[in-house]
Amino acid sequence: SNFYVKNKAGTSKWWYGFHLNDVNDDGGIKSVQLLKSGKYFTSCKKNEKSFWICNNGGQISKSTPLDIKITSDKGRSVTARNCITSLDGNKVMKCNTNLSKGSAFTEEEDTAASTSIITGVIAIVLLTCIIIGVAGYCFIK
């Protein structure tokens with residue numbers, strides 16, 4: 001299946017933010033570039049909240065449709081032609097391609113999964129401390 005681009009709310013002519021959803025690969029996305037008519041336009045950087053931000057001095061808003069080139073951590077890349085057709089906030093656009101290997105993932109889901117693991121570890125540590133405290137209290141009595 002093809003991957004999707006979901007625009008961030010608040011996108012303006014000065015910056016363009018989006019999530020990548022359902023990208024096929026065994027890892028993450030290393031880089032994202034936007035192209036206009038197949039020629040390099042601008043690069044995007046990943047925000048700590050799992051979305052990508054691109055800025056090009058106010059020129060992005062004048063430039064749709066745009067191609068998007070994604071490169072995975074494993075070095076695989078693909079370019080979806082004319083995928084970005086709007087810069088409106090929360091707009092979802094289905095691209096015409098995807099990376100060829102691995103299973104589909106959504107970057108937003110990856111972040112949630114790692115947060116759940118951290119929460120689970122903290123819960124186990126706290127539970128262990130409570131059990132040791134109760135056992136110690138009973139032993140002293």
# chains A, B, ... in the order shown; residues from 1 in each chain; ligands from 1

$ residues_around --residues "A:Asp73" --least-positions-apart "5" --cutoff "10 Å" --atoms "only C-alpha atoms" --output "list of chain:residue names"
A:Asp25, A:Asp26, A:Gly27, A:Gly28, A:Ile29, A:Lys30, A:Ser31

$ write_last_selection --atoms "N, CA and C atoms" --output "CSV table (one decimal), in the first residue's frame"
chain,number,residue,atom,x,y,z
A,25,ASP,N,9.1,-0.1,5.8
A,25,ASP,CA,10.5,-0.2,6.0
A,25,ASP,C,10.7,-0.9,7.4
A,26,ASP,N,11.9,-1.4,7.6
A,26,ASP,CA,12.2,-2.1,8.9
A,26,ASP,C,12.8,-1.1,10.0
A,27,GLY,N,12.9,0.2,9.7
A,27,GLY,CA,13.4,1.1,10.6
A,27,GLY,C,12.6,2.4,10.5
A,28,GLY,N,13.4,3.5,10.6
A,28,GLY,CA,12.8,4.8,10.6
A,28,GLY,C,13.1,5.5,9.3
A,29,ILE,N,12.8,6.8,9.2
A,29,ILE,CA,13.1,7.6,8.1
A,29,ILE,C,14.3,8.5,8.4
A,30,LYS,N,15.3,8.4,7.6
A,30,LYS,CA,16.5,9.2,7.8
A,30,LYS,C,16.4,10.6,7.3
A,31,SER,N,15.8,10.8,6.1
A,31,SER,CA,15.8,12.1,5.5
A,31,SER,C,14.5,12.2,4.6

$ select_by_dssp --residues "chain A" --states "helix (DSSP H, G or I)" --output "PyMOL selection string"
chain A and resi 60-62+107-140

$ closest_residue --among "A:Leu87, A:Ala80, A:Cys95, A:Leu127" --to "A:Trp15" --atoms "only C-alpha atoms"
A:Leu87

$ closest_residue --among "A:Ser37, A:Ser72, A:Thr11, A:Thr79" --to "A:Thr97" --atoms "only C-alpha atoms"
A:Thr79

$ residues_around --residues "A:Leu99" --least-positions-apart "4" --cutoff "9 Å" --atoms "only C-alpha atoms" --output "PyMOL selection string"
chain A and resi 2-3+23-25+70-72+76-78

$ decode --residues "stretch 63-75 of chain A" --atoms "all heavy atoms" --output "PDB file, in the first residue's frame"
ATOM      1  N   SER A  63       4.141  26.641  -4.084  1.00  0.00           N
ATOM      2  CA  SER A  63       4.830  25.614  -4.851  1.00  0.00           C
ATOM      3  C   SER A  63       4.093  24.303  -5.084  1.00  0.00           C
ATOM      4  O   SER A  63       4.669  23.403  -5.655  1.00  0.00           O
ATOM      5  CB  SER A  63       6.157  25.295  -4.169  1.00  0.00           C
ATOM      6  OG  SER A  63       6.950  26.450  -4.124  1.00  0.00           O
ATOM      7  N   THR A  64       2.864  24.118  -4.632  1.00  0.00           N
ATOM      8  CA  THR A  64       2.215  22.827  -4.846  1.00  0.00           C
ATOM      9  C   THR A  64       1.804  22.685  -6.308  1.00  0.00           C
ATOM     10  O   THR A  64       1.535  23.688  -6.963  1.00  0.00           O
ATOM     11  CB  THR A  64       0.970  22.666  -3.945  1.00  0.00           C
ATOM     12  OG1 THR A  64       0.065  23.706  -4.212  1.00  0.00           O
ATOM     13  CG2 THR A  64       1.359  22.663  -2.494  1.00  0.00           C
ATOM     14  N   PRO A  65       1.785  21.454  -6.829  1.00  0.00           N
ATOM     15  CA  PRO A  65       2.091  20.196  -6.150  1.00  0.00           C
ATOM     16  C   PRO A  65       3.596  19.982  -5.997  1.00  0.00           C
ATOM     17  O   PRO A  65       4.386  20.487  -6.790  1.00  0.00           O
ATOM     18  CB  PRO A  65       1.495  19.139  -7.071  1.00  0.00           C
ATOM     19  CG  PRO A  65       1.596  19.733  -8.432  1.00  0.00           C
ATOM     20  CD  PRO A  65       1.390  21.216  -8.233  1.00  0.00           C
ATOM     21  N   LEU A  66       3.946  19.226  -4.967  1.00  0.00           N
ATOM     22  CA  LEU A  66       5.340  18.905  -4.693  1.00  0.00           C
ATOM     23  C   LEU A  66       5.541  17.398  -4.684  1.00  0.00           C
ATOM     24  O   LEU A  66       4.649  16.639  -4.307  1.00  0.00           O
ATOM     25  CB  LEU A  66       5.769  19.461  -3.332  1.00  0.00           C
ATOM     26  CG  LEU A  66       5.841  20.976  -3.204  1.00  0.00           C
ATOM     27  CD1 LEU A  66       6.009  21.370  -1.752  1.00  0.00           C
ATOM     28  CD2 LEU A  66       6.982  21.525  -4.047  1.00  0.00           C
ATOM     29  N   ASP A  67       6.738  16.973  -5.083  1.00  0.00           N
ATOM     30  CA  ASP A  67       7.161  15.585  -4.935  1.00  0.00           C
ATOM     31  C   ASP A  67       7.782  15.461  -3.547  1.00  0.00           C
ATOM     32  O   ASP A  67       8.313  16.437  -3.009  1.00  0.00           O
ATOM     33  CB  ASP A  67       8.225  15.207  -5.969  1.00  0.00           C
ATOM     34  CG  ASP A  67       7.788  15.470  -7.404  1.00  0.00           C
ATOM     35  OD1 ASP A  67       6.580  15.543  -7.665  1.00  0.00           O
ATOM     36  OD2 ASP A  67       8.685  15.604  -8.252  1.00  0.00           O
ATOM     37  N   ILE A  68       7.745  14.278  -2.976  1.00  0.00           N
ATOM     38  CA  ILE A  68       8.403  14.041  -1.695  1.00  0.00           C
ATOM     39  C   ILE A  68       9.309  12.819  -1.835  1.00  0.00           C
ATOM     40  O   ILE A  68       8.868  11.769  -2.297  1.00  0.00           O
ATOM     41  CB  ILE A  68       7.388  13.887  -0.545  1.00  0.00           C
ATOM     42  CG1 ILE A  68       8.101  13.696   0.798  1.00  0.00           C
ATOM     43  CG2 ILE A  68       6.385  12.788  -0.816  1.00  0.00           C
ATOM     44  CD1 ILE A  68       7.182  13.805   2.006  1.00  0.00           C
ATOM     45  N   LYS A  69      10.561  12.988  -1.455  1.00  0.00           N
ATOM     46  CA  LYS A  69      11.534  11.893  -1.499  1.00  0.00           C
ATOM     47  C   LYS A  69      11.867  11.519  -0.063  1.00  0.00           C
ATOM     48  O   LYS A  69      12.304  12.357   0.716  1.00  0.00           O
ATOM     49  CB  LYS A  69      12.806  12.304  -2.227  1.00  0.00           C
ATOM     50  CG  LYS A  69      13.845  11.199  -2.260  1.00  0.00           C
ATOM     51  CD  LYS A  69      15.103  11.627  -3.002  1.00  0.00           C
ATOM     52  CE  LYS A  69      16.111  10.492  -3.028  1.00  0.00           C
ATOM     53  NZ  LYS A  69      17.342  10.904  -3.712  1.00  0.00           N
ATOM     54  N   ILE A  70      11.628  10.238   0.278  1.00  0.00           N
ATOM     55  CA  ILE A  70      11.965   9.757   1.620  1.00  0.00           C
ATOM     56  C   ILE A  70      13.079   8.728   1.513  1.00  0.00           C
ATOM     57  O   ILE A  70      13.118   7.940   0.579  1.00  0.00           O
ATOM     58  CB  ILE A  70      10.741   9.174   2.350  1.00  0.00           C
ATOM     59  CG1 ILE A  70      10.112   8.018   1.566  1.00  0.00           C
ATOM     60  CG2 ILE A  70       9.706  10.249   2.625  1.00  0.00           C
ATOM     61  CD1 ILE A  70       8.994   7.309   2.308  1.00  0.00           C
ATOM     62  N   THR A  71      14.003   8.783   2.478  1.00  0.00           N
ATOM     63  CA  THR A  71      15.104   7.823   2.546  1.00  0.00           C
ATOM     64  C   THR A  71      15.082   7.194   3.933  1.00  0.00           C
ATOM     65  O   THR A  71      15.040   7.902   4.941  1.00  0.00           O
ATOM     66  CB  THR A  71      16.456   8.507   2.291  1.00  0.00           C
ATOM     67  OG1 THR A  71      16.411   9.159   1.014  1.00  0.00           O
ATOM     68  CG2 THR A  71      17.602   7.509   2.317  1.00  0.00           C
ATOM     69  N   SER A  72      15.098   5.867   3.973  1.00  0.00           N
ATOM     70  CA  SER A  72      15.019   5.153   5.247  1.00  0.00           C
ATOM     71  C   SER A  72      16.387   5.066   5.915  1.00  0.00           C
ATOM     72  O   SER A  72      17.422   5.328   5.301  1.00  0.00           O
ATOM     73  CB  SER A  72      14.483   3.733   5.021  1.00  0.00           C
ATOM     74  OG  SER A  72      15.474   2.926   4.434  1.00  0.00           O
ATOM     75  N   ASP A  73      16.361   4.666   7.189  1.00  0.00           N
ATOM     76  CA  ASP A  73      17.607   4.418   7.931  1.00  0.00           C
ATOM     77  C   ASP A  73      18.457   3.358   7.242  1.00  0.00           C
ATOM     78  O   ASP A  73      19.667   3.327   7.401  1.00  0.00           O
ATOM     79  CB  ASP A  73      17.294   3.945   9.348  1.00  0.00           C
ATOM     80  CG  ASP A  73      16.704   5.040  10.206  1.00  0.00           C
ATOM     81  OD1 ASP A  73      16.920   6.227   9.910  1.00  0.00           O
ATOM     82  OD2 ASP A  73      16.000   4.705  11.186  1.00  0.00           O
ATOM     83  N   LYS A  74      17.826   2.474   6.498  1.00  0.00           N
ATOM     84  CA  LYS A  74      18.538   1.394   5.801  1.00  0.00           C
ATOM     85  C   LYS A  74      19.041   1.822   4.425  1.00  0.00           C
ATOM     86  O   LYS A  74      19.587   1.008   3.691  1.00  0.00           O
ATOM     87  CB  LYS A  74      17.632   0.179   5.674  1.00  0.00           C
ATOM     88  CG  LYS A  74      17.130  -0.294   7.035  1.00  0.00           C
ATOM     89  CD  LYS A  74      16.935  -1.763   7.055  1.00  0.00           C
ATOM     90  CE  LYS A  74      16.380  -2.214   8.369  1.00  0.00           C
ATOM     91  NZ  LYS A  74      17.323  -2.620   9.336  1.00  0.00           N
ATOM     92  N   GLY A  75      18.811   3.085   4.044  1.00  0.00           N
ATOM     93  CA  GLY A  75      19.330   3.601   2.784  1.00  0.00           C
ATOM     94  C   GLY A  75      18.404   3.443   1.592  1.00  0.00           C
ATOM     95  O   GLY A  75      18.734   3.854   0.487  1.00  0.00           O
TER      96      GLY A  75
END
